[in-house]
>>> print(open('final-v9.txt').read())   # compact mmCIF, C-alpha atoms
# COMPACT_ATOMS: atom_id res chain seq x y z
CA MET J 1 0.00 0.00 0.00
CA ARG J 2 2.73 2.44 0.94
CA PHE J 3 4.51 1.59 -2.27
CA ALA J 4 1.38 2.37 -4.25
CA VAL J 5 0.95 5.72 -2.54
CA ALA J 6 4.61 6.57 -3.09
CA LEU J 7 4.29 5.66 -6.74
CA LEU J 8 1.22 7.78 -7.03
CA LEU J 9 2.88 10.77 -5.41
CA ALA J 10 5.87 10.35 -7.66
CA PHE J 11 3.91 10.39 -10.90
CA VAL J 12 1.00 12.66 -10.12
CA PRO J 13 3.00 15.92 -10.05
CA ALA J 14 4.32 15.16 -13.52
CA GLY J 15 0.77 14.75 -14.70
CA ILE J 16 -0.42 17.94 -13.08
CA HIS J 17 2.49 19.88 -14.53
CA ALA J 18 1.58 18.68 -18.02
CA GLN J 19 1.85 21.85 -20.09
CA ASN J 20 -1.07 23.31 -21.89
CA GLN J 21 0.00 23.52 -25.44
CA TRP J 22 -1.35 25.71 -28.15
CA VAL J 23 -0.85 24.98 -31.80
CA LEU J 24 -1.25 27.40 -34.69
CA THR J 25 -3.78 25.92 -37.10
CA GLN J 26 -4.29 28.77 -39.59
CA SER J 27 -2.44 31.96 -40.29
CA THR J 28 -2.40 34.93 -42.60
CA LEU J 29 0.58 37.21 -42.24
CA THR J 30 0.79 40.19 -44.56
CA TRP J 31 3.48 42.80 -44.99
CA HIS J 32 2.58 46.17 -46.49
CA VAL J 33 4.93 48.37 -48.45
CA VAL J 34 4.18 51.88 -49.67
CA HIS J 35 6.03 53.73 -52.43
CA PRO J 36 4.83 56.95 -54.08
CA MET J 37 3.98 54.84 -57.14
CA HIS J 38 3.01 51.58 -55.52
CA GLU J 39 1.18 50.00 -52.64
CA VAL J 40 2.09 46.38 -52.31
CA ALA J 41 1.16 43.63 -49.89
CA GLY J 42 2.71 40.19 -49.55
CA THR J 43 0.91 37.38 -47.78
CA SER J 44 1.98 34.08 -46.31
CA HIS J 45 -0.19 31.29 -44.95
CA ALA J 46 2.79 29.09 -44.12
CA ALA J 47 3.43 30.14 -40.53
CA LYS J 48 3.79 27.51 -37.86
CA GLY J 49 3.39 28.21 -34.20
CA ARG J 50 3.28 26.69 -30.80
CA GLY J 51 2.67 27.90 -27.29
CA ASN J 52 3.73 26.15 -24.13
CA CYS J 53 2.09 27.07 -20.87
CA SER J 54 3.00 26.02 -17.40
CA ALA J 55 2.82 27.53 -13.95
CA GLY J 56 0.61 30.30 -15.28
CA GLN J 57 3.14 31.47 -17.84
CA CYS J 58 3.14 30.88 -21.57
CA ASP J 59 5.84 31.05 -24.20
CA PHE J 60 4.78 31.34 -27.81
CA LEU J 61 6.80 30.96 -30.95
CA ILE J 62 5.53 31.70 -34.44
CA ALA J 63 7.82 31.13 -37.41
CA VAL J 64 7.33 31.63 -41.10
CA PRO J 65 9.71 31.10 -44.03
CA VAL J 66 10.55 34.40 -45.71
CA ASN J 67 10.19 32.93 -49.18
CA THR J 68 6.54 31.98 -48.63
CA PHE J 69 5.30 35.56 -48.82
CA ASP J 70 3.47 36.12 -52.07
CA SER J 71 2.86 39.61 -53.44
CA GLY J 72 1.47 38.36 -56.74
CA ASP J 73 4.71 39.11 -58.58
CA SER J 74 7.51 36.56 -58.50
CA ASN J 75 10.12 39.17 -59.43
CA ARG J 76 9.14 41.39 -56.52
CA ASP J 77 9.07 38.44 -54.13
CA LEU J 78 12.61 37.41 -55.10
CA HIS J 79 13.77 40.98 -54.68
CA MET J 80 12.15 41.07 -51.26
CA VAL J 81 13.95 37.88 -50.22
CA GLU J 82 17.24 39.39 -51.39
CA THR J 83 16.63 42.71 -49.65
CA VAL J 84 15.79 41.14 -46.30
CA ARG J 85 18.71 38.71 -46.56
CA GLY J 86 16.17 35.91 -46.69
CA ALA J 87 18.52 33.20 -47.94
CA GLN J 88 20.89 33.85 -45.05
CA ASN J 89 18.02 34.20 -42.58
CA PRO J 90 15.24 32.12 -44.08
CA ILE J 91 12.85 32.14 -41.13
CA VAL J 92 11.03 35.03 -39.48
CA MET J 93 10.42 34.24 -35.82
CA VAL J 94 8.16 35.94 -33.35
CA ARG J 95 8.40 35.11 -29.67
CA THR J 96 6.29 36.30 -26.83
CA HIS J 97 5.98 35.51 -23.16
CA LEU J 98 2.56 35.97 -21.61
CA ALA J 99 0.81 35.34 -18.38
CA GLN J 100 -1.62 32.50 -18.97
CA ALA J 101 -4.44 34.65 -17.61
CA ALA J 102 -3.88 37.13 -20.44
CA LEU J 103 -4.93 34.51 -22.98
CA SER J 104 -8.55 34.76 -21.92
CA GLN J 105 -8.77 38.52 -22.37
CA ALA J 106 -10.36 40.13 -25.41
CA THR J 107 -7.31 42.33 -25.92
CA ILE J 108 -3.89 40.91 -25.25
CA ASP J 109 -1.07 43.30 -24.51
CA ALA J 110 1.96 41.44 -25.79
CA ASP J 111 5.66 42.16 -25.94
CA LEU J 112 7.00 40.65 -29.13
CA ASP J 113 10.51 39.74 -30.12
CA VAL J 114 10.74 39.57 -33.87
CA GLN J 115 13.77 37.96 -35.41
CA PHE J 116 14.03 38.88 -39.06
CA ALA J 117 16.77 39.63 -41.55
CA GLY J 118 19.43 38.66 -39.03
CA GLN J 119 18.22 41.19 -36.47
CA THR J 120 15.97 40.95 -33.45
CA ALA J 121 13.61 43.80 -32.69
CA HIS J 122 11.51 44.15 -29.58
CA TYR J 123 7.98 45.51 -29.91
CA ALA J 124 6.43 46.38 -26.59
CA HIS J 125 2.71 46.57 -25.86
CA VAL J 126 1.43 45.24 -29.17
CA GLN J 127 -2.34 45.08 -28.95
CA LEU J 128 -3.66 41.73 -30.12
CA HIS J 129 -7.36 41.03 -30.36
CA ARG J 130 -8.76 37.68 -29.34
CA VAL J 131 -11.98 36.10 -30.57
CA SER J 132 -13.10 32.58 -29.69
CA HIS J 133 -14.56 30.32 -32.37
CA GLY J 134 -15.63 27.15 -30.57
CA ASP J 135 -12.50 25.31 -29.51
CA GLN J 136 -10.29 27.65 -31.51
CA VAL J 137 -9.07 31.14 -30.78
CA GLU J 138 -8.40 33.78 -33.41
CA ILE J 139 -5.72 36.35 -32.63
CA THR J 140 -5.37 39.41 -34.84
CA GLY J 141 -3.17 42.46 -34.71
CA THR J 142 -0.59 44.59 -36.42
CA VAL J 143 3.12 44.75 -35.77
CA ALA J 144 4.41 48.23 -36.55
CA ALA J 145 7.63 47.06 -38.12
CA THR J 146 10.00 49.34 -39.97
CA CYS J 147 12.90 48.70 -42.32
CA SER J 148 15.30 50.43 -39.97
CA ASP J 149 14.35 48.11 -37.11
CA PHE J 150 15.99 45.31 -39.04
CA LYS J 151 18.68 47.33 -40.81
CA ILE J 152 17.07 46.71 -44.18
CA ASP J 153 18.21 48.96 -47.00
CA ARG J 154 14.99 50.34 -48.38
CA PRO J 155 14.42 49.33 -52.00
CA SER J 156 13.85 52.20 -54.38
CA PHE J 157 12.13 52.71 -57.68
CA LEU J 158 13.01 55.68 -59.86
CA THR J 159 15.50 56.60 -57.10
CA VAL J 160 12.62 57.04 -54.61
CA PRO J 161 12.82 54.55 -51.71
CA ILE J 162 9.82 52.86 -50.16
CA ARG J 163 8.51 54.18 -46.85
CA ASN J 164 10.36 53.05 -43.77
CA GLU J 165 7.15 51.63 -42.28
CA ILE J 166 6.38 48.05 -43.25
CA PRO J 167 3.46 47.12 -40.97
CA VAL J 168 2.72 43.43 -40.74
CA THR J 169 -0.87 42.40 -40.11
CA VAL J 170 -1.35 39.12 -38.33
CA ASP J 171 -4.39 36.86 -38.33
CA THR J 172 -3.80 33.57 -36.55
CA THR J 173 -6.01 30.79 -35.32
CA TRP J 174 -4.88 28.67 -32.39
CA LYS J 175 -6.10 25.45 -30.91
CA ALA J 176 -5.35 24.03 -27.49
CA GLN J 177 -3.90 20.57 -27.37
CA MET F 1 -8.08 -1.62 11.46
CA LYS F 2 -10.02 -3.13 8.62
CA GLY F 3 -12.04 0.06 8.36
CA ILE F 4 -8.88 2.18 8.17
CA ALA F 5 -7.35 -0.08 5.52
CA ALA F 6 -10.52 0.04 3.50
CA GLY F 7 -10.58 3.80 3.80
CA ARG F 8 -7.00 4.02 2.52
CA ARG F 9 -7.84 1.80 -0.42
CA VAL F 10 -10.80 4.00 -1.32
CA ALA F 11 -8.67 7.14 -0.98
CA VAL F 12 -5.94 5.70 -3.21
CA CYS F 13 -8.44 4.51 -5.78
CA LEU F 14 -10.13 7.92 -5.84
CA SER F 15 -6.78 9.62 -6.23
CA VAL F 16 -5.78 7.35 -9.09
CA VAL F 17 -9.09 7.88 -10.85
CA LEU F 18 -9.55 11.59 -10.27
CA LEU F 19 -6.09 13.11 -10.60
CA PRO F 20 -5.48 12.15 -14.23
CA VAL F 21 -8.98 13.40 -15.06
CA LEU F 22 -8.26 16.73 -13.40
CA THR F 23 -4.95 16.97 -15.22
CA LEU F 24 -6.51 16.21 -18.59
CA ALA F 25 -9.27 18.73 -17.95
CA GLU F 26 -6.67 21.40 -17.30
CA ALA F 27 -4.86 20.64 -20.52
CA ALA F 28 -7.94 20.35 -22.69
CA ASP F 29 -9.78 23.44 -21.54
CA PRO F 30 -7.81 26.54 -22.45
CA ALA F 31 -10.35 28.87 -20.89
CA ALA F 32 -10.11 27.04 -17.64
CA ALA F 33 -6.38 26.81 -17.95
CA SER F 34 -6.09 30.52 -18.53
CA ASN F 35 -8.20 31.30 -15.53
CA PRO F 36 -6.04 31.21 -12.44
CA GLN F 37 -9.04 30.65 -10.20
CA LYS F 38 -10.03 27.60 -12.17
CA SER F 39 -6.46 26.40 -12.28
CA SER F 40 -6.18 26.68 -8.57
CA SER F 41 -9.37 24.67 -8.16
CA SER F 42 -7.31 21.55 -8.64
CA GLY F 43 -5.93 22.38 -5.27
CA VAL F 44 -2.32 22.31 -6.49
CA SER F 45 -0.75 25.73 -6.87
CA ALA F 46 2.58 26.48 -8.49
CA ALA F 47 3.97 27.55 -5.16
CA VAL F 48 3.04 24.26 -3.56
CA LEU F 49 4.61 22.32 -6.40
CA ASN F 50 7.65 24.56 -6.20
CA LEU F 51 7.79 25.08 -9.94
CA PRO F 52 10.17 27.68 -11.32
CA ASP F 53 8.69 30.41 -13.47
CA ALA F 54 8.73 29.86 -17.18
CA PRO F 55 11.99 31.28 -18.43
CA LEU F 56 11.99 34.43 -20.47
CA PRO F 57 13.12 34.22 -24.07
CA SER F 58 16.55 35.73 -24.38
CA GLY F 59 15.27 38.60 -26.51
CA MET F 60 12.79 39.56 -23.81
CA GLN F 61 15.52 40.30 -21.36
CA SER F 62 16.54 43.43 -23.20
CA GLN F 63 14.94 46.48 -21.69
CA ASN F 64 13.35 48.66 -24.27
CA PRO F 65 9.86 49.76 -23.40
CA SER F 66 9.40 51.99 -26.41
CA PRO F 67 7.59 50.31 -29.30
CA THR F 68 9.03 52.84 -31.68
CA GLN F 69 12.62 52.04 -30.85
CA PRO F 70 13.03 48.30 -31.01
CA SER F 71 16.21 46.77 -29.70
CA GLN F 72 18.54 44.75 -31.82
CA ASN F 73 20.04 41.52 -30.59
CA PRO F 74 21.77 40.07 -33.62
CA ASN F 75 23.47 37.34 -31.64
CA ASN F 76 20.25 35.81 -30.41
CA ASN F 77 20.27 32.11 -31.22
CA PRO F 78 16.73 30.96 -31.95
CA ASN F 79 17.46 27.29 -31.46
CA GLN F 80 18.71 27.65 -27.92
CA GLN F 81 15.63 28.51 -25.94
CA PRO F 82 15.67 27.81 -22.26
CA GLY F 83 13.19 25.55 -20.55
CA ASN F 84 9.60 25.82 -21.62
CA ALA F 85 9.90 28.00 -24.70
CA PRO F 86 9.20 26.22 -27.97
CA THR F 87 11.96 25.97 -30.54
CA LEU F 88 12.04 25.85 -34.31
CA GLY F 89 12.50 22.10 -34.04
CA ASP F 90 9.17 21.85 -32.23
CA LEU F 91 7.40 23.47 -35.18
CA GLY F 92 8.41 20.83 -37.68
CA PHE F 93 10.41 22.86 -40.15
CA THR F 94 12.81 20.85 -42.27
CA PRO F 95 16.54 21.66 -42.12
CA GLN F 96 16.36 22.86 -45.72
CA GLN F 97 13.87 25.50 -44.64
CA THR F 98 15.84 26.76 -41.68
CA LEU F 99 19.47 26.59 -42.77
CA ALA F 100 21.20 29.68 -44.09
CA ASN F 101 22.20 29.46 -47.72
CA ALA F 102 25.06 31.85 -48.42
CA GLU F 103 25.35 30.70 -52.02
CA MET F 104 21.70 31.51 -52.68
CA GLN F 105 22.05 34.90 -50.98
CA LYS F 106 25.00 35.69 -53.21
CA ARG F 107 22.99 34.61 -56.23
CA LEU F 108 20.08 36.81 -55.19
CA ASN F 109 22.42 39.76 -54.65
CA GLU F 110 23.89 39.32 -58.12
CA ARG F 111 20.42 38.99 -59.58
CA THR F 112 19.25 42.20 -57.94
CA HIS F 113 22.39 44.04 -59.06
CA ASP F 114 21.94 42.92 -62.66
CA LEU F 115 18.25 43.73 -62.69
CA LYS F 116 18.86 47.17 -61.21
CA MET F 117 21.32 47.80 -64.05
CA HIS F 118 18.68 46.43 -66.45
CA GLN F 119 16.14 48.86 -65.02
CA THR F 120 18.48 51.83 -65.16
CA PHE F 121 19.64 51.20 -68.71
CA GLY F 122 16.08 50.38 -69.74
CA LEU F 123 14.85 53.77 -68.57
CA ILE F 124 17.83 55.55 -70.13
CA THR F 125 17.17 53.76 -73.42
CA ALA F 126 13.65 55.17 -73.51
CA VAL F 127 15.06 58.71 -73.87
CA PRO F 128 16.94 58.32 -77.20
CA MET F 129 14.19 55.98 -78.36
CA CYS F 130 11.56 58.69 -78.00
CA ALA F 131 13.93 61.28 -79.46
CA THR F 132 14.54 59.05 -82.49
CA VAL F 133 10.82 58.87 -83.16
CA ILE F 134 10.38 62.61 -82.66
CA VAL F 135 13.09 63.55 -85.16
CA ALA F 136 12.03 60.84 -87.63
CA GLY F 137 10.14 63.42 -89.67
CA GLY F 138 13.39 65.17 -90.54
CA ALA F 139 14.83 61.99 -92.01
CA LYS F 140 11.94 61.38 -94.34
CA SER F 141 11.38 62.37 -97.95
CA LYS F 142 8.57 64.81 -98.41
CA ARG F 143 6.21 65.22 -101.30
CA ASN F 144 5.90 68.85 -102.41
CA ARG F 145 2.15 69.38 -102.28
CA THR F 146 2.33 72.84 -103.83
CA SER F 147 3.97 71.40 -106.89
CA PRO F 148 1.42 70.21 -109.47
CA ASN F 149 3.45 67.12 -110.37
CA GLY F 150 4.14 66.23 -106.70
CA THR F 151 7.90 66.25 -106.76
CA VAL F 152 9.65 64.54 -103.91
CA THR F 153 12.27 66.40 -101.87
CA GLY F 154 14.84 64.36 -100.02
CA PRO F 155 15.59 64.72 -96.35
CA SER F 156 18.40 66.96 -95.15
CA ASP F 157 21.69 65.30 -94.30
CA SER F 158 21.58 66.67 -90.78
CA GLY F 159 18.07 65.33 -90.27
CA VAL F 160 19.10 61.86 -91.41
CA ASP F 161 22.31 61.95 -89.36
CA LEU F 162 20.48 62.94 -86.20
CA HIS F 163 17.87 60.21 -86.72
CA VAL F 164 20.57 57.60 -87.40
CA ALA F 165 22.70 58.71 -84.45
CA LEU F 166 19.78 58.58 -82.03
CA GLY F 167 18.61 55.26 -83.45
CA SER F 168 22.10 53.78 -83.11
CA THR F 169 22.36 55.01 -79.54
CA THR F 170 18.99 53.46 -78.80
CA ALA F 171 20.05 50.13 -80.27
CA LEU F 172 23.31 50.16 -78.33
CA LEU F 173 21.64 50.98 -75.01
CA TYR F 174 18.91 48.46 -75.73
CA GLY F 175 21.60 45.82 -76.19
CA VAL F 176 23.19 46.69 -72.85
CA THR F 177 19.76 46.59 -71.20
CA ALA F 178 19.05 43.18 -72.68
CA TYR F 179 22.48 41.91 -71.62
CA TYR F 180 21.79 42.60 -67.94
CA ALA F 181 18.37 40.91 -68.12
CA ILE F 182 19.89 37.82 -69.72
CA ALA F 183 22.94 37.77 -67.45
CA ALA F 184 20.93 38.02 -64.22
CA PRO F 185 21.18 34.65 -62.41
CA LYS F 186 18.05 32.57 -62.59
CA ILE F 187 16.61 31.24 -59.36
CA PRO F 188 15.67 27.58 -59.74
CA GLY F 189 12.10 26.61 -58.98
CA VAL F 190 10.65 30.09 -59.42
CA LYS F 191 8.07 30.44 -62.14
CA PRO F 192 7.39 33.95 -63.46
CA LYS F 193 4.15 35.24 -62.01
CA GLY F 194 2.29 38.52 -62.14
CA ALA F 195 3.27 41.68 -64.01
CA ILE F 196 6.74 40.35 -64.71
CA ARG F 197 5.22 37.85 -67.15
CA TRP F 198 3.93 40.68 -69.37
CA HIS F 199 7.31 42.35 -69.14
CA ARG F 200 9.02 39.17 -70.28
CA ASP F 201 6.49 38.22 -72.97
CA LEU F 202 6.62 41.64 -74.63
CA VAL F 203 10.29 41.00 -75.35
CA TRP F 204 9.12 38.75 -78.19
CA ILE F 205 7.73 41.85 -79.91
CA HIS F 206 10.15 44.69 -79.14
CA ALA F 207 13.36 42.65 -79.41
CA PRO F 208 12.75 41.61 -83.05
CA GLY F 209 11.52 45.15 -83.60
CA MET F 210 14.81 46.56 -82.34
CA VAL F 211 16.68 44.35 -84.81
CA LEU F 212 14.37 44.96 -87.75
CA THR F 213 13.90 48.72 -87.35
CA PRO F 214 17.49 49.79 -88.13
CA ILE F 215 17.75 47.26 -90.98
CA LEU F 216 14.57 48.53 -92.57
CA GLY F 217 15.70 52.11 -91.92
CA ALA F 218 18.98 51.47 -93.71
CA MET F 219 17.13 49.93 -96.63
CA ALA F 220 14.75 52.90 -96.80
CA LEU F 221 17.62 55.35 -96.70
CA SER F 222 19.44 53.48 -99.41
CA GLN F 223 16.37 53.59 -101.65
CA GLU F 224 15.95 57.31 -101.03
CA ASN F 225 19.59 57.97 -101.79
CA ASN F 226 19.13 56.15 -105.07
CA GLY F 227 16.28 58.47 -105.85
CA GLU F 228 13.75 55.71 -105.49
CA HIS F 229 10.46 55.89 -103.75
CA VAL F 230 10.72 53.79 -100.56
CA HIS F 231 9.12 50.50 -101.43
CA GLY F 232 8.91 46.87 -100.43
CA ILE F 233 9.65 45.77 -96.93
CA ALA F 234 11.59 48.98 -96.28
CA SER F 235 8.31 50.87 -96.32
CA ALA F 236 7.41 49.07 -93.06
CA HIS F 237 10.28 50.84 -91.24
CA SER F 238 8.10 53.38 -89.47
CA TYR F 239 5.37 50.84 -88.60
CA VAL F 240 7.90 48.43 -87.11
CA ALA F 241 9.54 51.31 -85.25
CA TRP F 242 6.27 52.54 -83.77
CA THR F 243 5.29 49.01 -82.75
CA THR F 244 8.65 48.57 -81.08
CA VAL F 245 8.41 51.85 -79.19
CA ALA F 246 4.84 51.12 -78.11
CA THR F 247 5.59 47.62 -76.81
CA TYR F 248 8.74 48.90 -75.11
CA GLY F 249 6.69 51.53 -73.30
CA VAL F 250 4.02 49.00 -72.34
CA SER F 251 6.78 46.71 -71.08
CA ILE F 252 8.06 49.43 -68.73
CA ILE F 253 4.57 50.14 -67.46
CA ALA F 254 3.78 46.42 -67.08
CA VAL F 255 6.70 45.76 -64.78
CA SER F 256 5.64 48.72 -62.64
CA TRP F 257 1.99 47.71 -62.53
CA PRO F 258 -0.20 48.35 -60.55
CA ILE F 259 0.66 52.01 -60.23
CA HIS F 260 -0.88 54.03 -57.43
CA LEU F 261 0.43 57.56 -57.63
CA LYS F 262 0.75 59.00 -54.14
CA PHE F 263 3.48 61.57 -54.51
CA TRP F 264 1.43 64.05 -52.52
CA GLU F 265 1.53 61.82 -49.45
CA LYS F 266 4.52 61.90 -47.20
>>> encode(input="final-v9.txt", output="structure tokens")
Amino acid sequence: MRFAVALLLAFVPAGIHAQNQWVLTQSTLTWHVVHPMHEVAGTSHAAKGRGNCSAGQCDFLIAVPVNTFDSGDSNRDLHMVETVRGAQNPIVMVRTHLAQAALSQATIDADLDVQFAGQTAHYAHVQLHRVSHGDQVEITGTVAATCSDFKIDRPSFLTVPIRNEIPVTVDTTWKAQ
Amino acid sequence: MKGIAAGRRVAVCLSVVLLPVLTLAEAADPAAASNPQKSSSSGVSAAVLNLPDAPLPSGMQSQNPSPTQPSQNPNNNPNQQPGNAPTLGDLGFTPQQTLANAEMQKRLNERTHDLKMHQTFGLITAVPMCATVIVAGGAKSKRNRTSPNGTVTGPSDSGVDLHVALGSTTALLYGVTAYYAIAAPKIPGVKPKGAIRWHRDLVWIHAPGMVLTPILGAMALSQENNGEHVHGIASAHSYVAWTTVATYGVSIIAVSWPIHLKFWEK
């Protein structure tokens, strides 16, 4: 009997500590570029993500290959990959650390670390909006990224460079595992 | 004693049955999991279990509260995340997707360089091309309409020379422009898509036009110098030239399409 209780006590904590995991099931990430002659957007649906929660704290990672963004023009997309050093740094990664309680709020105030083009930029207090759809949760928001944040030389057309601001809109759907 | 033993057995059985259920419920219900009150309803708090806090990602440790001035941590290694934080490996990316490819980056850099040169020379070429068309009238024989028998007066030497000089310059610059487009490294596995397809397809019209136009022009000039009325295929010189100029212009616009002029916005 004592052995059984000891066994139980030994294994139960491991079970209770089992992390809540979140998995990204759908995503639409879109960058926006503005030039006096053009407004262009490139979209990727190829992001993968995971969130691990334990002890009331969650760590999320979202990653997307740079070369999966599609602006509708293959020449532009290749130029984008070159400009952001996408062959050297093929994955864009976004990390965030949240209190687990924040995940149930309609608006999530997140601090994001974005690793892109060989640089890591920190975006504090990014407002993400949460909507539940059954057993899935949709998170939307915009990351106010700029070229200078990642030391990207702004591409130019007719000697006029694009705007420094390259906001990235995020629409992700997560499911708990 | 029997009663105590039986009580222990019941307690153990209840524990065995209920604890995994409680654990599964916590994992399966994100709303409950995110609610600290509900989480604590299991009766096992983090403090009791003596769990350490989830470690911060390395990038989070930098202190930069301003969203407008992000911090740069170029040495951050994404694959070495402490403790609980997920890694790229957890997401299921293949090594081919995550590994840096210096050779490909070099290829892309060369491609961009060549295509920038292509763009620059292409735009420069448009200037003498338009000028050639504008001065074309001065290189053409003219029928004297005031004369009753419609005598033909030949073009001035300077008019012809200017037209030929501008046309030759256009052809030369066009050749340099084409060279950079052809020399730009191709990226395997990328199919042309979007406006660039029009830009590429129109080459099949303006490239032959750029070859034919000066040949037909030379033939027309030769016929005029011989006092002949321009005839035969040489008479198509201006039509071929206009077609070439038009498709060249459309090609420039196509690669820039869609155009949204917003010069007035900062």
>>> atom_distance(input="final-v9.txt", atom1="atom CA of Val66 of chain J", atom2="atom CA of Gly86 of chain J")
5.9 Å
>>> residues_around(input="final-v9.txt", residues="Pro128 of chain F", least_positions_apart="2", cutoff="12 Å", atoms="only C-alpha atoms", output="PyMOL selection string")
chain F and resi 121-126+130-136+162-174+245
>>> atom_distance(input="final-v9.txt", atom1="atom CA of Cys147 of chain J", atom2="atom CA of Val114 of chain J")
12.6 Å
>>> atom_distance(input="final-v9.txt", atom1="atom CA of Thr96 of chain J", atom2="atom CA of Phe150 of chain J")
18.0 Å
>>> residues_around(input="final-v9.txt", residues="segment 99-105 of chain F", least_positions_apart="2", cutoff="7 Å", atoms="only C-alpha atoms", output="list in words")
Glu82, Arg85, Ala87, Gln88, Asn89 and Pro90 of chain J; Pro95, Gln96, Gln97, Arg107, Leu108 and Asn109 of chain F
>>> residues_around(input="final-v9.txt", residues="Leu112 of chain J", least_positions_apart="2", cutoff="6 Å", atoms="all atoms listed in the file", output="PyMOL selection string")
chain J and resi 95-96+122-123
>>> write_last_selection(input="final-v9.txt", atoms="C-alpha atoms", output="PDB file, keeping the file's coordinate frame")
ATOM      1  CA  ARG J  95       8.400  35.110 -29.670  1.00  0.00           C
ATOM      2  CA  THR J  96       6.290  36.300 -26.830  1.00  0.00           C
ATOM      3  CA  HIS J 122      11.510  44.150 -29.580  1.00  0.00           C
ATOM      4  CA  TYR J 123       7.980  45.510 -29.910  1.00  0.00           C
TER       5      TYR J 123
END
>>> interface_residues(input="final-v9.txt", of="chain J", to="chain F", cutoff="6 Å", atoms="all atoms listed in the file", output="list of chain:residue names")
J:Ile16, J:Asn20, J:Pro36, J:Met37, J:His38, J:Ala55, J:Gln57, J:Asp59, J:Gly72, J:Asp73, J:Ser74, J:Glu82, J:Ala87, J:Gln88, J:Asn89, J:Pro90, J:Gln100, J:Ala101, J:Ser104, J:Gln119, J:Thr120, J:Ala121, J:His122, J:Tyr123, J:Ala124
>>> residues_around(input="final-v9.txt", residues="Val92 of chain J", least_positions_apart="5", cutoff="9 Å", atoms="only C-alpha atoms", output="list in words")
Ile62, Ala63, Val64, Pro65, Val66, Gly86, Val114, Gln115, Phe116 and Ala117 of chain J
>>> residues_around(input="final-v9.txt", residues="segment 152-164 of chain J", least_positions_apart="4", cutoff="6 Å", atoms="all atoms listed in the file", output="PyMOL selection string")
chain J and resi 34-35+146-148
